[in-house]
Each structure stands twice: as structure tokens, then as C-alpha cells.
Amino acid sequence: MTVREEIEQLKKEKDAVILAHYYVRPEVQEIADYTGDSFYLSRKAVGLKEQTIVFCGVSFMGESTKVLNPDKTVLMPDASADCAMAHMADPETIQKMRAEYDDLAVVCYINSTAELKCCSDVCVTSSNAVQIVRALPNRNIFFIPDRNLGRYVAQMVPEKQVIVNDGYCPVHEKMSAEEILDQKKLHPQALVLAHPECPETVCGISDYIGSTAGIIRYVQESSKEEFIVCTESGIQYELKKRCPDKKFYFARTEPLCMDMKTITLEKILHVLKTGENEILLGDSVREKAAGPLERMLELA
Ligand code: 13P
Ligand code: SF4
């Protein structure tokens, strides 16, 4: 039996379903039951009939899935797959901000630890952050942990005062406007599409800014043929699948999230066999983190 066939068989035996983010390896996206961006996956995870969820993504994604589905078993193919940005804020600063500002909402990008979600009022993803911040009754917003998505939200919702925490995604932060402009010289007809985790210099020269799902939708609906894509290059698998005749270019320094890439078919098979790497959260953390996540699902 091939690894893929073994996974299929074990999925049935263990009543398991596989979710995968667009940044994981193509062969993992290929075998997943559901593939999507962070928002799609967190929504999809609620109400699945299977008892076990194998989450092919980084730890904050598995944690959020467990928080929203406390009775399910959530398995991570690689327990070390983590998101550096998820740790780039701290409860002390949040407390300080709450003391300093009246009428403050702490808005937490889903790319954050469960501990940070516990200190927040609402979670957002890159596909709903603008919509949710706009809908909040509060005048002041403390946006954690990503300074780039926070800045983008501040620009899109000028009626609010958005105070931005100083975190960033190391993969998107490395993208340079210079490299994108080099690609633009080589492919002058191409549109530039950027994830809001990119620095301002990159967003500033983009034709479209949106989440990974937003970028895919934009490409599908566009009459254009060529695109310079400013996000992690794993997105290419879905772009090619949906639009095989269109052309996609990335920055010369390929944007790769090595944590996402640690997930392999062999590791999926291993956790299905052994039940290792289960996400376990204490009741108090789980209950506190559920509020902001559920509020996101209600507002988005
Ligand atoms: P989205 O899935 O919201 O596009 O975010 C990308 C990301 O960085 C996930 O880690
Ligand atoms: Fe975190 Fe960036 Fe990797 Fe997404 S791409 S998981 S934000 S490090």
C-alpha cells in the first residue's frame, strides 16, 4: 500500500478528517478533505461529523480548532510547526493598554497563542479583520500581534483609532518592494497581489490586497492572465489547480514558511496510527479563548 492509501484507510478506521492550509506542501493539500485560508478552516472545523481532526497547519490553527471543538480529538502531524508571529504580543502590554485607553477593544489576529486570545475581545483573520473592526462599537482598537495587518486595518477603517502591536510574520516581512518591482519589469502585464501581512512598501505597489482565499478568488474572477503573488508560495498549488492557464510569479527570494513545510504525508500517517501530538488545553484557557473566536464567527 502507498502512504496515501494507508492514510485513506486509517482515516476511515479512526473516523478522521484532514484539514490543510494553503501554505502546506502540494502533496498534503492534495490528500486533504478541506483546504483553505485560516478563516475558512476555522469555520469548517465546526460541525464536522468526524471525531478526529488532523490539522495540517501550525499550532495556533490546531489550538483554535480544539477551542471551538472541545469534544473532538485534534492531531498535529508535526508538533513543532509553530508560527513565530503568534508569540509576538504579551498579556502585560494588553493590560497596560486596557488601563490607558477608554472604550478599547483588543482585536486579536487568529495567528496568536491561545493565551493571547484569552486576553482579547475578538479574533479576526486576514479575510475578515476590516469588516469586524468596522462593526465593533469601540472607538479605540488595540490590534495584536501583526503590525502589518494592523496598519492595513487602520488604513481601511479611518474612523477608528487603531493602536498596532509590533509583531510581524517573518515570511511576509522579508518580501521587498524592490524584488516585486524587478518582477514587474520582467512581466509588465502582471497584476501585483499582496497578503496584508506584507510590509507597507509591498502593499503600496499592489493592485489587490487580501487573504490567501481573497487572492485566489481575485485571480479566478480576473480577466488578466499574469500575476505577481506576494504571499507564501504554497498558494501556487491551488492557484494552478483553479486557473491552470494563468501565470504566477513570486519574489526571487521565494517566500517559504518552513513551519508549514514540516508537514509531510509520513507524519500525517504517523499521527493517524499513534494518536500522537494531540492538542490538549486546560478547561480555563479553552473556555476563555472560545469567547473571542466565537465572536469572530458571529461577526464575520
Ligand atoms: P490567511 O490564511 O488568513 O490568508 O493567513 C495566512 C497565514 O499567515 C496563515 O498563517
Ligand atoms: Fe506564521 Fe507567517 Fe508562517 Fe503564516 S506564514 S504561519 S504568519 S510564520
# chains A, B, ... in the order shown; residues from 1 in each chain; ligands from 1

$ select_by_dssp --residues "segment 68-225 of chain A" --states "strand (DSSP E or B)" --output "count of residues only"
29

$ residues_around --residues "Ser206 of chain A" --least-positions-apart "2" --cutoff "10 Å" --atoms "only C-alpha atoms" --output "number ranges by chain"
A: 177, 180, 191-195, 200-204, 208-209, 228-230

$ residues_near_ligand --ligand "ligand 2" --cutoff "8 Å" --atoms "only C-alpha atoms and all ligand atoms" --output "list of chain:residue names"
A:Tyr23, A:Gly57, A:Val58, A:Asp82, A:Cys83, A:Ala84, A:Met85, A:Ala86, A:Asn111, A:Tyr168, A:Cys169, A:Pro170, A:Val171, A:His172, A:Glu197, A:Thr231, A:Glu232, A:Leu256, A:Cys257, A:Met258, A:Asp259, A:Met260

$ write_last_selection --atoms "N, CA, C and O atoms" --output "compact mmCIF listing (two decimals), in the first residue's frame"
# COMPACT_ATOMS: atom_id res chain seq x y z
N TYR A 23 -0.71 26.91 2.65
CA TYR A 23 0.76 27.04 2.66
C TYR A 23 1.47 25.69 2.82
O TYR A 23 2.71 25.65 2.76
N GLY A 57 -1.28 22.33 9.55
CA GLY A 57 -1.02 23.76 9.66
C GLY A 57 -0.16 23.96 10.89
O GLY A 57 0.41 22.99 11.41
N VAL A 58 -0.10 25.19 11.36
CA VAL A 58 0.75 25.48 12.52
C VAL A 58 -0.08 25.46 13.81
O VAL A 58 -1.31 25.41 13.76
N ASP A 82 5.11 25.79 14.28
CA ASP A 82 4.60 26.92 15.05
C ASP A 82 4.69 28.17 14.19
O ASP A 82 5.41 28.20 13.20
N CYS A 83 3.97 29.21 14.60
CA CYS A 83 4.01 30.48 13.87
C CYS A 83 4.73 31.48 14.77
O CYS A 83 4.25 31.76 15.87
N ALA A 84 5.85 32.02 14.28
CA ALA A 84 6.63 32.94 15.12
C ALA A 84 5.79 34.14 15.54
O ALA A 84 5.86 34.59 16.69
N MET A 85 4.97 34.64 14.63
CA MET A 85 4.19 35.83 14.96
C MET A 85 3.19 35.58 16.09
O MET A 85 2.86 36.51 16.84
N ALA A 86 2.73 34.34 16.22
CA ALA A 86 1.71 34.03 17.23
C ALA A 86 2.18 34.38 18.65
O ALA A 86 1.36 34.53 19.56
N ASN A 111 -3.70 34.39 14.23
CA ASN A 111 -2.30 33.94 14.32
C ASN A 111 -1.72 34.36 15.66
O ASN A 111 -0.88 35.26 15.75
N TYR A 168 5.15 40.70 13.63
CA TYR A 168 5.17 40.55 12.17
C TYR A 168 5.38 39.09 11.80
O TYR A 168 5.88 38.30 12.60
N CYS A 169 5.01 38.77 10.58
CA CYS A 169 5.29 37.44 10.05
C CYS A 169 6.65 37.48 9.37
O CYS A 169 6.84 38.25 8.42
N PRO A 170 7.60 36.66 9.83
CA PRO A 170 8.95 36.73 9.24
C PRO A 170 8.97 36.41 7.75
O PRO A 170 9.83 36.90 7.02
N VAL A 171 8.02 35.62 7.29
CA VAL A 171 7.99 35.23 5.87
C VAL A 171 7.54 36.42 4.99
O VAL A 171 8.17 36.74 3.98
N HIS A 172 6.47 37.07 5.40
CA HIS A 172 5.95 38.19 4.61
C HIS A 172 6.81 39.45 4.79
O HIS A 172 6.96 40.24 3.87
N GLU A 197 -0.24 40.76 5.41
CA GLU A 197 0.91 40.59 6.30
C GLU A 197 2.19 41.17 5.68
O GLU A 197 3.24 41.21 6.33
N THR A 231 2.79 36.40 -1.34
CA THR A 231 2.49 35.64 -0.13
C THR A 231 3.27 34.33 -0.21
O THR A 231 4.02 34.11 -1.18
N GLU A 232 3.09 33.47 0.77
CA GLU A 232 3.83 32.21 0.83
C GLU A 232 3.54 31.39 -0.45
O GLU A 232 2.38 31.31 -0.89
N LEU A 256 8.79 31.29 1.81
CA LEU A 256 8.51 29.93 2.30
C LEU A 256 8.34 29.95 3.81
O LEU A 256 9.22 30.43 4.52
N CYS A 257 7.24 29.38 4.31
CA CYS A 257 7.07 29.22 5.75
C CYS A 257 7.55 27.81 6.09
O CYS A 257 6.84 26.83 5.81
N MET A 258 8.73 27.71 6.65
CA MET A 258 9.32 26.39 6.90
C MET A 258 8.51 25.59 7.91
O MET A 258 8.51 24.36 7.88
N ASP A 259 7.80 26.27 8.80
CA ASP A 259 6.96 25.54 9.75
C ASP A 259 5.82 24.81 9.03
O ASP A 259 5.53 23.65 9.32
N MET A 260 5.21 25.48 8.08
CA MET A 260 4.15 24.84 7.30
C MET A 260 4.72 23.66 6.51
O MET A 260 4.05 22.64 6.32

$ residues_around --residues "Glu178 of chain A" --least-positions-apart "3" --cutoff "10 Å" --atoms "only C-alpha atoms" --output "PyMOL selection string"
chain A and resi 175+181-184+201-202+251

$ closest_atom_pairs --of "chain A" --to "ligand 1" --cutoff "6 Å" --atoms "only C-alpha atoms and all ligand atoms" --output "CSV"
residue,atom,partner,partner_atom_place_in_ligand_line,distance
A:Asp37,CA,ligand 1,2 (O),3.5
A:Ser38,CA,ligand 1,2 (O),3.8
A:Thr125,CA,ligand 1,3 (O),5.1
A:Ser126,CA,ligand 1,3 (O),4.3
A:Ser127,CA,ligand 1,3 (O),5.7
A:Ser211,CA,ligand 1,4 (O),3.8
A:Thr212,CA,ligand 1,4 (O),3.8

$ residues_around --residues "Pro158 of chain A" --least-positions-apart "5" --cutoff "12 Å" --atoms "only C-alpha atoms" --output "list in words"
Val130, Val133, Arg134, Arg139, Asn140, Ile141, Gly150, Arg151, Tyr152, Val153 and Ile163 of chain A

$ write_last_selection --atoms "N, CA and C atoms" --output "PDB file, in the first residue's frame"
ATOM      1  N   VAL A 130     -11.023  43.729   8.543  1.00  0.00           N
ATOM      2  CA  VAL A 130     -11.560  45.065   8.257  1.00  0.00           C
ATOM      3  C   VAL A 130     -13.048  45.103   8.621  1.00  0.00           C
ATOM      4  N   VAL A 133     -13.513  44.913  12.551  1.00  0.00           N
ATOM      5  CA  VAL A 133     -13.118  46.146  13.264  1.00  0.00           C
ATOM      6  C   VAL A 133     -14.137  47.245  12.980  1.00  0.00           C
ATOM      7  N   ARG A 134     -14.573  47.333  11.735  1.00  0.00           N
ATOM      8  CA  ARG A 134     -15.575  48.347  11.375  1.00  0.00           C
ATOM      9  C   ARG A 134     -16.876  48.140  12.162  1.00  0.00           C
ATOM     10  N   ARG A 139     -14.392  52.773  19.995  1.00  0.00           N
ATOM     11  CA  ARG A 139     -13.677  53.803  19.215  1.00  0.00           C
ATOM     12  C   ARG A 139     -12.181  53.434  19.100  1.00  0.00           C
ATOM     13  N   ASN A 140     -11.613  52.858  20.165  1.00  0.00           N
ATOM     14  CA  ASN A 140     -10.182  52.538  20.183  1.00  0.00           C
ATOM     15  C   ASN A 140      -9.960  51.037  20.014  1.00  0.00           C
ATOM     16  N   ILE A 141      -8.970  50.711  19.205  1.00  0.00           N
ATOM     17  CA  ILE A 141      -8.677  49.308  18.917  1.00  0.00           C
ATOM     18  C   ILE A 141      -7.191  49.058  19.211  1.00  0.00           C
ATOM     19  N   GLY A 150      -2.443  45.101  11.079  1.00  0.00           N
ATOM     20  CA  GLY A 150      -2.989  46.198  11.896  1.00  0.00           C
ATOM     21  C   GLY A 150      -2.957  47.520  11.138  1.00  0.00           C
ATOM     22  N   ARG A 151      -1.840  47.775  10.466  1.00  0.00           N
ATOM     23  CA  ARG A 151      -1.727  49.023   9.689  1.00  0.00           C
ATOM     24  C   ARG A 151      -2.734  49.045   8.547  1.00  0.00           C
ATOM     25  N   TYR A 152      -2.886  47.897   7.886  1.00  0.00           N
ATOM     26  CA  TYR A 152      -3.847  47.805   6.773  1.00  0.00           C
ATOM     27  C   TYR A 152      -5.275  48.076   7.286  1.00  0.00           C
ATOM     28  N   VAL A 153      -5.613  47.495   8.432  1.00  0.00           N
ATOM     29  CA  VAL A 153      -6.942  47.713   9.020  1.00  0.00           C
ATOM     30  C   VAL A 153      -7.118  49.202   9.355  1.00  0.00           C
ATOM     31  N   ILE A 163      -4.406  51.193  17.458  1.00  0.00           N
ATOM     32  CA  ILE A 163      -3.046  51.142  18.010  1.00  0.00           C
ATOM     33  C   ILE A 163      -2.514  49.751  17.655  1.00  0.00           C
TER      34      ILE A 163
END

$ atom_distance --atom1 "atom CA of Pro199 of chain A" --atom2 "atom CA of Thr113 of chain A"
22.3 Å

$ residues_around --residues "segment 278-285 of chain A" --least-positions-apart "5" --cutoff "8 Å" --atoms "only C-alpha atoms" --output "ChimeraX atom specification"
/A:62-63,66-67,73-76,114-115,118

$ write_last_selection --atoms "C-alpha atoms" --output "PDB file, in the first residue's frame"
ATOM      1  CA  GLY A  62      -4.802  23.365  15.829  1.00  0.00           C
ATOM      2  CA  GLU A  63      -5.406  25.214  19.106  1.00  0.00           C
ATOM      3  CA  LYS A  66      -9.648  22.475  19.681  1.00  0.00           C
ATOM      4  CA  VAL A  67     -11.074  25.574  21.375  1.00  0.00           C
ATOM      5  CA  THR A  73      -9.532  14.944  19.049  1.00  0.00           C
ATOM      6  CA  VAL A  74      -7.263  17.367  17.189  1.00  0.00           C
ATOM      7  CA  LEU A  75      -3.960  15.928  15.953  1.00  0.00           C
ATOM      8  CA  MET A  76      -0.998  17.899  14.582  1.00  0.00           C
ATOM      9  CA  ALA A 114      -4.480  30.626  22.980  1.00  0.00           C
ATOM     10  CA  GLU A 115      -3.074  32.628  25.920  1.00  0.00           C
ATOM     11  CA  CYS A 118      -7.787  34.701  26.359  1.00  0.00           C
TER      12      CYS A 118
END

$ decode --residues "segment 118-130 of chain A" --atoms "all heavy atoms" --output "CSV table (one decimal), in the first residue's frame"
chain,number,residue,atom,x,y,z
A,118,CYS,N,-7.1,34.6,25.1
A,118,CYS,CA,-7.8,34.7,26.4
A,118,CYS,C,-7.9,36.1,26.8
A,118,CYS,O,-8.8,36.5,27.6
A,118,CYS,CB,-7.1,33.9,27.4
A,118,CYS,SG,-7.2,32.1,27.2
A,119,CYS,N,-6.9,37.0,26.4
A,119,CYS,CA,-6.9,38.4,26.9
A,119,CYS,C,-7.5,39.3,25.9
A,119,CYS,O,-7.4,40.5,26.0
A,119,CYS,CB,-5.5,38.9,27.1
A,119,CYS,SG,-4.3,37.7,27.8
A,120,SER,N,-8.2,38.8,24.9
A,120,SER,CA,-8.7,39.6,23.8
A,120,SER,C,-10.2,39.6,23.8
A,120,SER,O,-10.9,38.8,24.4
A,120,SER,CB,-8.2,39.1,22.5
A,120,SER,OG,-6.8,39.0,22.5
A,121,ASP,N,-10.7,40.6,23.0
A,121,ASP,CA,-12.2,40.7,22.9
A,121,ASP,C,-12.8,40.0,21.7
A,121,ASP,O,-13.9,39.5,21.8
A,121,ASP,CB,-12.6,42.2,22.9
A,121,ASP,CG,-12.2,42.9,24.1
A,121,ASP,OD1,-12.6,42.5,25.2
A,121,ASP,OD2,-11.4,43.9,24.1
A,122,VAL,N,-12.0,40.0,20.6
A,122,VAL,CA,-12.5,39.4,19.4
A,122,VAL,C,-11.3,38.9,18.6
A,122,VAL,O,-10.3,39.6,18.6
A,122,VAL,CB,-13.4,40.3,18.6
A,122,VAL,CG1,-12.7,41.5,18.1
A,122,VAL,CG2,-14.1,39.6,17.5
A,123,CYS,N,-11.5,37.8,17.9
A,123,CYS,CA,-10.4,37.4,17.0
A,123,CYS,C,-10.8,37.8,15.6
A,123,CYS,O,-12.0,38.0,15.3
A,123,CYS,CB,-10.3,35.8,17.0
A,123,CYS,SG,-9.4,35.2,18.5
A,124,VAL,N,-9.8,37.9,14.7
A,124,VAL,CA,-10.1,38.2,13.3
A,124,VAL,C,-9.1,37.3,12.5
A,124,VAL,O,-8.1,36.9,13.0
A,124,VAL,CB,-9.9,39.7,12.9
A,124,VAL,CG1,-10.9,40.5,13.7
A,124,VAL,CG2,-8.4,40.1,13.2
A,125,THR,N,-9.4,37.2,11.2
A,125,THR,CA,-8.4,36.6,10.3
A,125,THR,C,-8.1,37.7,9.2
A,125,THR,O,-8.8,38.7,9.2
A,125,THR,CB,-8.8,35.3,9.6
A,125,THR,OG1,-9.8,35.7,8.6
A,125,THR,CG2,-9.4,34.3,10.6
A,126,SER,N,-7.2,37.4,8.3
A,126,SER,CA,-6.9,38.4,7.3
A,126,SER,C,-8.1,38.6,6.4
A,126,SER,O,-8.1,39.6,5.7
A,126,SER,CB,-5.6,38.0,6.5
A,126,SER,OG,-5.8,36.8,5.9
A,127,SER,N,-9.0,37.7,6.3
A,127,SER,CA,-10.1,37.9,5.4
A,127,SER,C,-11.3,38.6,6.0
A,127,SER,O,-12.2,39.0,5.3
A,127,SER,CB,-10.6,36.5,4.8
A,127,SER,OG,-11.1,35.7,5.8
A,128,ASN,N,-11.3,38.8,7.3
A,128,ASN,CA,-12.5,39.5,7.9
A,128,ASN,C,-12.1,40.6,8.9
A,128,ASN,O,-13.0,41.2,9.5
A,128,ASN,CB,-13.4,38.5,8.6
A,128,ASN,CG,-12.7,37.7,9.7
A,128,ASN,OD1,-11.8,38.3,10.4
A,128,ASN,ND2,-13.0,36.5,9.9
A,129,ALA,N,-10.8,40.9,9.0
A,129,ALA,CA,-10.3,41.9,10.0
A,129,ALA,C,-11.0,43.3,9.8
A,129,ALA,O,-11.5,43.9,10.7
A,129,ALA,CB,-8.8,42.0,10.0
A,130,VAL,N,-11.0,43.7,8.5
A,130,VAL,CA,-11.6,45.1,8.3
A,130,VAL,C,-13.0,45.1,8.6
A,130,VAL,O,-13.5,46.0,9.3
A,130,VAL,CB,-11.3,45.4,6.8
A,130,VAL,CG1,-12.1,46.7,6.4
A,130,VAL,CG2,-9.8,45.6,6.5
